[in-house]
Structures are given as structure tokens and as C-alpha cells.
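*Asks:* Starting off with a structure, shown below.
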Amino acid sequence: MDALAGKTVVVTGASKGIGAAIAAAMLAAGARVVAQYATDREGAEAAVAGAPGRAVLLGADLAEAGAVDAFWQAARAEAGRIDVLVNNAAVMRQTGGILDPVDEWDRVWAESLAVNTLAPARLMRHAVRDWRAEGRGGAIIGIGSWVTSRGTSNPAAIAYAASKAAIAAATKTVARAHAAEGILAYLISPGVVNTRLSVESAARTGGVAAVTAQLPMGEWVPPEEVAALAVFLAEGRARHLTGATLDINGAAYIR
């Protein structure tokens, strides 16, 4: 596969779950990948094991604005040019709901906004400014969630839902503002994906079996299907989808 040959893709949160699947799929499609991880370097290494020669691993704490800037500059230094940014990294804590103590509420909201909203927005800012300075286009792929439009059934994940909704709006704004310059921005909005975060959230809402029973297909979305969609968008064959939100939830939420 060489659909992405010659392109460099930055993937945040590449050590597990959807991010790991996306990093692997981008490499399989021929791209060079800059894979960000927070602490789990081994997970990131496993994700890029299929083509280690085309992967760069960079650790960064996306809760810190300075670390976000340093990560982008390091990615530029390693890759030379960046063609696609996949904003995937996110945190979803299982405390910090309305009924939890206020100090926990404050801590979880601050972290959620820092990692889920401010960091990806800052990376988008870097990408757009670089692409405009270089006089060329690029693509931003945001990995969102169906909770941005339907809310979440897990009351502890209220900060997660709100922070993901905020970055979704920011991504759409970038799409509208910079389409004429060839800068494209898409949102992938998964439902219940088979990841550790989803398992932890399910434990708060009846368990895996109870959540699965509510899904029309009777199964969770495989991370690889989300990754395949991200590769398709990265290829640039659907330019006029820019600004779109692509639902992938097995008919569990139709709008």
C-alpha cells in the first residue's frame, strides 16, 4: 500500500486504542508517522512495529502548553514537513462529576480542558500557521465522540463530553476559515469503540454486556475501522468533505 507515500502524519495519543490503530494504519498506507505518547513508550513502539523505519516516537505531556509547542517543533525537526495532523489524544477520567467533591471536579475539568481542548487547538494553530507560511495545504483529522452531540450516559464523564465538544467546534471553524487555502479539517465521531477508555466508562453505566446489548450491531466499533476512515481522509481524495463530522457507531446513533 502506498496511498500515503511521501506524506508525514502526526498522530497524538499513539500508544493505545484508536491512536495506536491509526498510527499502524497510516504506516501500512505508506506514510511516515510521528507518534506522540505521554508515558507509554512501549505501547507506541508496538503501534509502529510494522514499519519502524518510517516512524518517529516523541514523548510529550499535552497538559502543558510549553510541552505542546516543544512537541510540534520536535516533530517538524524530525520530519521536515508535516502533511496531516491527527488530533486523537484525550483523557476521560471516571471521577469529577457533578456529585463528586468540588476539588475533584476542579482537577478533572482542568485536566480535561488542557488535554482534550487546549492541546489539540494549539496543535491546529501550529499546523495552520506553518501551512500558510509554506503556501500549501494540509489536513487535520480530529477524533471526536458521539457524546459531543448526544451527551454522555456516564455522569462522571461530563468534563470529557464538554471538552470534546469544544475542540469539535474549533475544528469546524478551522475548516470554514481556511478551506480556500487548501487546509482541510474533518471530525471522526465514534460511538462505543473497543478501547480501555470505553471499558472503564462502561463499568459506570452497567458494564460491558449492558452497553453491548443497546447496540444495534451487538458489538463495539473496532479501532481499526476508525483508523481506516482516518487513512481515507488523509489521502485527500474527499476534499469537499472538509468540515464534515463522520459518524461511526454501527447505527447506534443516527442523526
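Identifiers in the C-alpha cells: chain A, B, ... in order shown; residue index from 1 per chain; ligand index from 1 in order shown.
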Any chance you could tabulate, as JSON lines, the residues of region 76-109 of chain A at most 9 Å from region 8-27 of chain A with each one's nearest atom pair and distance in Å to one decimal, using only C-alpha atoms, in chain and rising number order?
*Replies:*
```
{"residue": "A:Ala79", "atom": "CA", "partner": "A:Thr8", "partner_atom": "CA", "distance": 6.9}
{"residue": "A:Gly80", "atom": "CA", "partner": "A:Thr8", "partner_atom": "CA", "distance": 8.8}
{"residue": "A:Arg81", "atom": "CA", "partner": "A:Thr8", "partner_atom": "CA", "distance": 6.9}
{"residue": "A:Ile82", "atom": "CA", "partner": "A:Thr8", "partner_atom": "CA", "distance": 5.1}
{"residue": "A:Asp83", "atom": "CA", "partner": "A:Thr8", "partner_atom": "CA", "distance": 5.3}
{"residue": "A:Val84", "atom": "CA", "partner": "A:Val9", "partner_atom": "CA", "distance": 4.6}
{"residue": "A:Leu85", "atom": "CA", "partner": "A:Val10", "partner_atom": "CA", "distance": 4.9}
{"residue": "A:Val86", "atom": "CA", "partner": "A:Val11", "partner_atom": "CA", "distance": 4.8}
{"residue": "A:Asn87", "atom": "CA", "partner": "A:Thr12", "partner_atom": "CA", "distance": 5.8}
{"residue": "A:Asn88", "atom": "CA", "partner": "A:Thr12", "partner_atom": "CA", "distance": 5.3}
{"residue": "A:Ala89", "atom": "CA", "partner": "A:Gly13", "partner_atom": "CA", "distance": 4.0}
{"residue": "A:Ala90", "atom": "CA", "partner": "A:Gly13", "partner_atom": "CA", "distance": 7.2}
```
*Asks:* Using only N, CA and C atoms, please write the residues we just selected to a file, as a short mmCIF file (atom, residue, chain, number, x, y, z; two decimals), in the first residue's frame.
*Replies:*
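File produced: again.cif:
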```
data_model
loop_
_atom_site.label_atom_id
_atom_site.label_comp_id
_atom_site.auth_asym_id
_atom_site.auth_seq_id
_atom_site.Cartn_x
_atom_site.Cartn_y
_atom_site.Cartn_z
N ALA A 79 10.70 15.55 10.94
CA ALA A 79 10.01 15.19 9.70
C ALA A 79 10.31 16.13 8.54
N GLY A 80 10.74 17.35 8.84
CA GLY A 80 10.96 18.30 7.77
C GLY A 80 9.69 19.04 7.38
N ARG A 81 8.66 18.28 7.09
CA ARG A 81 7.36 18.87 6.78
C ARG A 81 6.29 17.92 7.31
N ILE A 82 5.16 18.50 7.66
CA ILE A 82 4.03 17.71 8.16
C ILE A 82 2.84 17.94 7.24
N ASP A 83 2.21 16.87 6.82
CA ASP A 83 1.10 16.96 5.88
C ASP A 83 -0.26 16.77 6.55
N VAL A 84 -0.29 15.95 7.58
CA VAL A 84 -1.56 15.60 8.23
C VAL A 84 -1.36 15.61 9.74
N LEU A 85 -2.29 16.22 10.44
CA LEU A 85 -2.31 16.18 11.90
C LEU A 85 -3.55 15.42 12.35
N VAL A 86 -3.34 14.35 13.12
CA VAL A 86 -4.46 13.60 13.70
C VAL A 86 -4.51 13.92 15.18
N ASN A 87 -5.51 14.71 15.57
CA ASN A 87 -5.71 15.07 16.97
C ASN A 87 -6.53 13.98 17.65
N ASN A 88 -5.85 13.05 18.26
CA ASN A 88 -6.53 11.91 18.86
C ASN A 88 -6.43 11.87 20.38
N ALA A 89 -5.31 12.30 20.93
CA ALA A 89 -5.06 12.13 22.36
C ALA A 89 -6.16 12.78 23.21
N ALA A 90 -6.57 12.06 24.25
CA ALA A 90 -7.62 12.57 25.15
C ALA A 90 -7.57 11.82 26.47
#
```
*Asks:* Skipping near chain neighbours, those fewer than 3 positions away, what residues fall within 8 Å of region 91-104 of chain A using only C-alpha atoms, listed as a list in words?
*Replies:*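 Selected residues are Arg107, Val108, Trp109, Glu111, Ser112, Val115, Asn116, Pro155, Ala156, Ala157, Ile158, Ala159, Tyr160, Leu197, Glu200, Ser201 and Arg204 of chain A.
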*Asks:* Using only C-alpha atoms, pick whichever of A:Leu118, A:Gly50, A:Arg125, A:Leu246 has the shortest atom-to-atom distance to Ser145 (chain A).
*Replies:*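 Using only C-alpha atoms, Ser145 (chain A) sits closest to A:Leu246.
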*Asks:* Between CA of Glu45 (chain A) and CA of Ala168 (chain A), what distance in Å does the model show, to one decimal?
*Replies:* 28.7 Å
*Asks:* Excluding same-chain residues fewer than 6 positions from region 229-243 of chain A, what lies within 8 Å of it counting only C-alpha atoms, as a list in words?
*Replies:*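 Close residues of region 229-243 of chain A: Ala3, Leu4, Ile22, Ala25, Met26, Ala29, Val84, Ala139, Ile141, Thr171, Lys172, Ala175, Arg176, Ala179, Leu184, Ala185, Tyr186, Leu187 and Ile188 of chain A.
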*Asks:* Please save N, CA and C atoms of the selected residues as a short mmCIF file (atom, residue, chain, number, x, y, z; two decimals), in the first residue's frame.
*Replies:*
```cif
data_model
loop_
_atom_site.label_atom_id
_atom_site.label_comp_id
_atom_site.auth_asym_id
_atom_site.auth_seq_id
_atom_site.Cartn_x
_atom_site.Cartn_y
_atom_site.Cartn_z
N ALA A 3 -0.70 4.57 -0.71
CA ALA A 3 -1.62 5.69 -0.89
C ALA A 3 -1.12 6.95 -0.21
N LEU A 4 -0.34 6.80 0.87
CA LEU A 4 0.16 7.95 1.61
C LEU A 4 1.67 8.09 1.48
N ILE A 22 -4.55 3.98 14.43
CA ILE A 22 -4.34 4.96 13.37
C ILE A 22 -2.87 5.02 12.97
N ALA A 25 -2.13 2.03 10.85
CA ALA A 25 -2.79 2.08 9.54
C ALA A 25 -2.12 3.11 8.63
N MET A 26 -1.69 4.24 9.18
CA MET A 26 -1.00 5.24 8.36
C MET A 26 0.32 4.68 7.83
N ALA A 29 -0.25 2.34 5.04
CA ALA A 29 -0.62 3.03 3.80
C ALA A 29 0.57 3.79 3.18
N VAL A 84 -0.29 15.95 7.58
CA VAL A 84 -1.56 15.60 8.23
C VAL A 84 -1.36 15.61 9.74
N ALA A 139 -4.03 18.69 6.11
CA ALA A 139 -5.28 18.13 6.62
C ALA A 139 -5.19 17.90 8.12
N ILE A 141 -7.33 15.95 11.13
CA ILE A 141 -8.36 14.96 11.42
C ILE A 141 -8.54 14.90 12.93
N THR A 171 -12.43 22.75 15.44
CA THR A 171 -12.01 22.10 14.19
C THR A 171 -12.89 22.52 13.03
N LYS A 172 -14.19 22.61 13.26
CA LYS A 172 -15.11 23.07 12.22
C LYS A 172 -14.82 24.51 11.82
N ALA A 175 -11.95 24.55 9.47
CA ALA A 175 -12.39 24.10 8.15
C ALA A 175 -13.03 25.25 7.37
N ARG A 176 -13.90 26.00 8.02
CA ARG A 176 -14.59 27.09 7.34
C ARG A 176 -13.65 28.24 7.00
N ALA A 179 -10.56 26.84 4.13
CA ALA A 179 -10.81 25.93 3.01
C ALA A 179 -10.23 26.46 1.71
N LEU A 184 -7.67 21.52 5.06
CA LEU A 184 -8.88 20.75 5.28
C LEU A 184 -8.95 20.28 6.72
N ALA A 185 -10.16 20.16 7.24
CA ALA A 185 -10.33 19.70 8.63
C ALA A 185 -11.58 18.85 8.72
N TYR A 186 -11.43 17.68 9.31
CA TYR A 186 -12.52 16.72 9.43
C TYR A 186 -12.66 16.27 10.87
N LEU A 187 -13.85 15.77 11.20
CA LEU A 187 -14.09 15.17 12.51
C LEU A 187 -14.60 13.75 12.33
N ILE A 188 -13.96 12.81 12.99
CA ILE A 188 -14.49 11.46 13.07
C ILE A 188 -15.14 11.31 14.43
#
```
*Asks:* Suppose you want the space between CA of Glu219 (chain A) and CA of Ala28 (chain A); what is it in Å?
*Replies:*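 Atom-to-atom, CA of Glu219 (chain A) to CA of Ala28 (chain A), that is 25.5 Å.
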*Asks:* Near region 70-75 of chain A, counting only C-alpha atoms, which residues have an atom at most 10 Å away, once you skip same-chain residues fewer than 3 positions from it, shown as a PyMOL selection string?
*Replies:* chain A and resi 8-10+33-36+56-62+64-67+78-82+122-123+126-127
*Asks:* Please, could you write that set of residues out with N, CA and C atoms as a PDB file, in the first residue's frame?
*Replies:*
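Full text of selection_29.pdb as output:
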```pdb
ATOM      1  N   THR A   8       3.812  12.896   5.628  1.00  0.00           N
ATOM      2  CA  THR A   8       4.132  12.733   7.042  1.00  0.00           C
ATOM      3  C   THR A   8       2.879  13.033   7.854  1.00  0.00           C
ATOM      4  N   VAL A   9       2.543  12.119   8.749  1.00  0.00           N
ATOM      5  CA  VAL A   9       1.341  12.226   9.559  1.00  0.00           C
ATOM      6  C   VAL A   9       1.736  12.265  11.030  1.00  0.00           C
ATOM      7  N   VAL A  10       1.262  13.271  11.742  1.00  0.00           N
ATOM      8  CA  VAL A  10       1.433  13.347  13.191  1.00  0.00           C
ATOM      9  C   VAL A  10       0.193  12.742  13.842  1.00  0.00           C
ATOM     10  N   VAL A  33       5.234   8.461  10.028  1.00  0.00           N
ATOM     11  CA  VAL A  33       4.401   8.809  11.178  1.00  0.00           C
ATOM     12  C   VAL A  33       5.251   9.360  12.317  1.00  0.00           C
ATOM     13  N   VAL A  34       4.806  10.479  12.853  1.00  0.00           N
ATOM     14  CA  VAL A  34       5.351  10.995  14.109  1.00  0.00           C
ATOM     15  C   VAL A  34       4.326  10.651  15.178  1.00  0.00           C
ATOM     16  N   ALA A  35       4.680   9.733  16.057  1.00  0.00           N
ATOM     17  CA  ALA A  35       3.745   9.197  17.048  1.00  0.00           C
ATOM     18  C   ALA A  35       4.021   9.803  18.417  1.00  0.00           C
ATOM     19  N   GLN A  36       3.038  10.539  18.927  1.00  0.00           N
ATOM     20  CA  GLN A  36       3.161  11.120  20.264  1.00  0.00           C
ATOM     21  C   GLN A  36       2.624  10.171  21.307  1.00  0.00           C
ATOM     22  N   VAL A  56       8.679   7.997  13.967  1.00  0.00           N
ATOM     23  CA  VAL A  56       9.420   8.753  14.973  1.00  0.00           C
ATOM     24  C   VAL A  56       8.546   8.797  16.221  1.00  0.00           C
ATOM     25  N   LEU A  57       9.098   8.423  17.356  1.00  0.00           N
ATOM     26  CA  LEU A  57       8.364   8.445  18.617  1.00  0.00           C
ATOM     27  C   LEU A  57       8.795   9.652  19.427  1.00  0.00           C
ATOM     28  N   LEU A  58       7.812  10.429  19.884  1.00  0.00           N
ATOM     29  CA  LEU A  58       8.104  11.609  20.689  1.00  0.00           C
ATOM     30  C   LEU A  58       7.202  11.624  21.915  1.00  0.00           C
ATOM     31  N   GLY A  59       7.808  11.660  23.082  1.00  0.00           N
ATOM     32  CA  GLY A  59       7.030  11.761  24.307  1.00  0.00           C
ATOM     33  C   GLY A  59       6.727  13.212  24.619  1.00  0.00           C
ATOM     34  N   ALA A  60       5.496  13.482  25.084  1.00  0.00           N
ATOM     35  CA  ALA A  60       5.107  14.848  25.429  1.00  0.00           C
ATOM     36  C   ALA A  60       3.916  14.811  26.356  1.00  0.00           C
ATOM     37  N   ASP A  61       3.936  15.675  27.362  1.00  0.00           N
ATOM     38  CA  ASP A  61       2.811  15.844  28.264  1.00  0.00           C
ATOM     39  C   ASP A  61       1.914  16.936  27.705  1.00  0.00           C
ATOM     40  N   LEU A  62       0.817  16.552  27.065  1.00  0.00           N
ATOM     41  CA  LEU A  62      -0.032  17.518  26.383  1.00  0.00           C
ATOM     42  C   LEU A  62      -0.847  18.376  27.335  1.00  0.00           C
ATOM     43  N   GLU A  64       0.576  20.390  29.271  1.00  0.00           N
ATOM     44  CA  GLU A  64       1.403  21.577  29.422  1.00  0.00           C
ATOM     45  C   GLU A  64       1.571  22.275  28.084  1.00  0.00           C
ATOM     46  N   ALA A  65       1.191  23.559  28.033  1.00  0.00           N
ATOM     47  CA  ALA A  65       1.251  24.299  26.770  1.00  0.00           C
ATOM     48  C   ALA A  65       2.664  24.324  26.205  1.00  0.00           C
ATOM     49  N   GLY A  66       3.642  24.520  27.062  1.00  0.00           N
ATOM     50  CA  GLY A  66       5.017  24.549  26.594  1.00  0.00           C
ATOM     51  C   GLY A  66       5.454  23.224  25.991  1.00  0.00           C
ATOM     52  N   ALA A  67       4.978  22.131  26.560  1.00  0.00           N
ATOM     53  CA  ALA A  67       5.315  20.806  26.035  1.00  0.00           C
ATOM     54  C   ALA A  67       4.656  20.570  24.681  1.00  0.00           C
ATOM     55  N   GLU A  78      12.172  16.622  13.079  1.00  0.00           N
ATOM     56  CA  GLU A  78      12.373  15.225  12.686  1.00  0.00           C
ATOM     57  C   GLU A  78      11.853  14.947  11.279  1.00  0.00           C
ATOM     58  N   ALA A  79      10.697  15.553  10.939  1.00  0.00           N
ATOM     59  CA  ALA A  79      10.008  15.191   9.696  1.00  0.00           C
ATOM     60  C   ALA A  79      10.307  16.133   8.542  1.00  0.00           C
ATOM     61  N   GLY A  80      10.736  17.348   8.838  1.00  0.00           N
ATOM     62  CA  GLY A  80      10.962  18.305   7.767  1.00  0.00           C
ATOM     63  C   GLY A  80       9.694  19.038   7.384  1.00  0.00           C
ATOM     64  N   ARG A  81       8.659  18.284   7.087  1.00  0.00           N
ATOM     65  CA  ARG A  81       7.359  18.867   6.784  1.00  0.00           C
ATOM     66  C   ARG A  81       6.288  17.922   7.313  1.00  0.00           C
ATOM     67  N   ILE A  82       5.160  18.496   7.662  1.00  0.00           N
ATOM     68  CA  ILE A  82       4.027  17.707   8.163  1.00  0.00           C
ATOM     69  C   ILE A  82       2.842  17.943   7.239  1.00  0.00           C
ATOM     70  N   ARG A 122      -4.059  24.059  20.091  1.00  0.00           N
ATOM     71  CA  ARG A 122      -2.726  24.639  19.926  1.00  0.00           C
ATOM     72  C   ARG A 122      -1.983  23.958  18.776  1.00  0.00           C
ATOM     73  N   LEU A 123      -2.137  22.638  18.658  1.00  0.00           N
ATOM     74  CA  LEU A 123      -1.504  21.929  17.547  1.00  0.00           C
ATOM     75  C   LEU A 123      -2.114  22.348  16.210  1.00  0.00           C
ATOM     76  N   HIS A 126      -0.541  25.636  15.277  1.00  0.00           N
ATOM     77  CA  HIS A 126       0.785  25.452  14.694  1.00  0.00           C
ATOM     78  C   HIS A 126       0.677  24.963  13.252  1.00  0.00           C
ATOM     79  N   ALA A 127      -0.167  23.959  13.025  1.00  0.00           N
ATOM     80  CA  ALA A 127      -0.273  23.376  11.689  1.00  0.00           C
ATOM     81  C   ALA A 127      -0.745  24.407  10.670  1.00  0.00           C
TER      82      ALA A 127
END
```
*Asks:* Could you pull out the residues in region 5-124 of chain A that DSSP calls strand (DSSP E or B) from the backbone, as a ChimeraX atom specification?
*Replies:* /A:8-11,32-37,55-59,84-87
*Asks:* Rank nothing, just name the residue among A:Arg54, A:Ile143, A:Asn249, A:Ser153 nearest to Ala203 (chain A), using only C-alpha atoms.
*Replies:*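 Checking each of A:Arg54, A:Ile143, A:Asn249, A:Ser153 against Ala203 (chain A), counting only C-alpha atoms, the winner is A:Ser153.
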*Asks:* Distance CA of Val226 (chain A)-CA of Ala49 (chain A), one decimal place?
*Replies:*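 So the two atoms, CA of Val226 (chain A) and CA of Ala49 (chain A), lie 19.3 Å apart.
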*Asks:* Which polymer residues have any atom within 8 Å of an atom of Ala252 (chain A), counting only C-alpha atoms, with same-chain residues fewer than 4 positions away left out, as a list in words?
*Replies:*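 The residues satisfying every condition are Gly191, Gln214, Leu215 and Pro216 of chain A.
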*Asks:* Could the residues in this selection be saved with C-alpha atoms as a PDB file, in the first residue's frame?
*Replies:*
```
ATOM      1  CA  GLY A 191     -19.606   5.601  19.205  1.00  0.00           C
ATOM      2  CA  GLN A 214     -28.002  -1.480  23.490  1.00  0.00           C
ATOM      3  CA  LEU A 215     -26.045  -1.512  20.214  1.00  0.00           C
ATOM      4  CA  PRO A 216     -27.913  -2.468  17.007  1.00  0.00           C
TER       5      PRO A 216
END
```
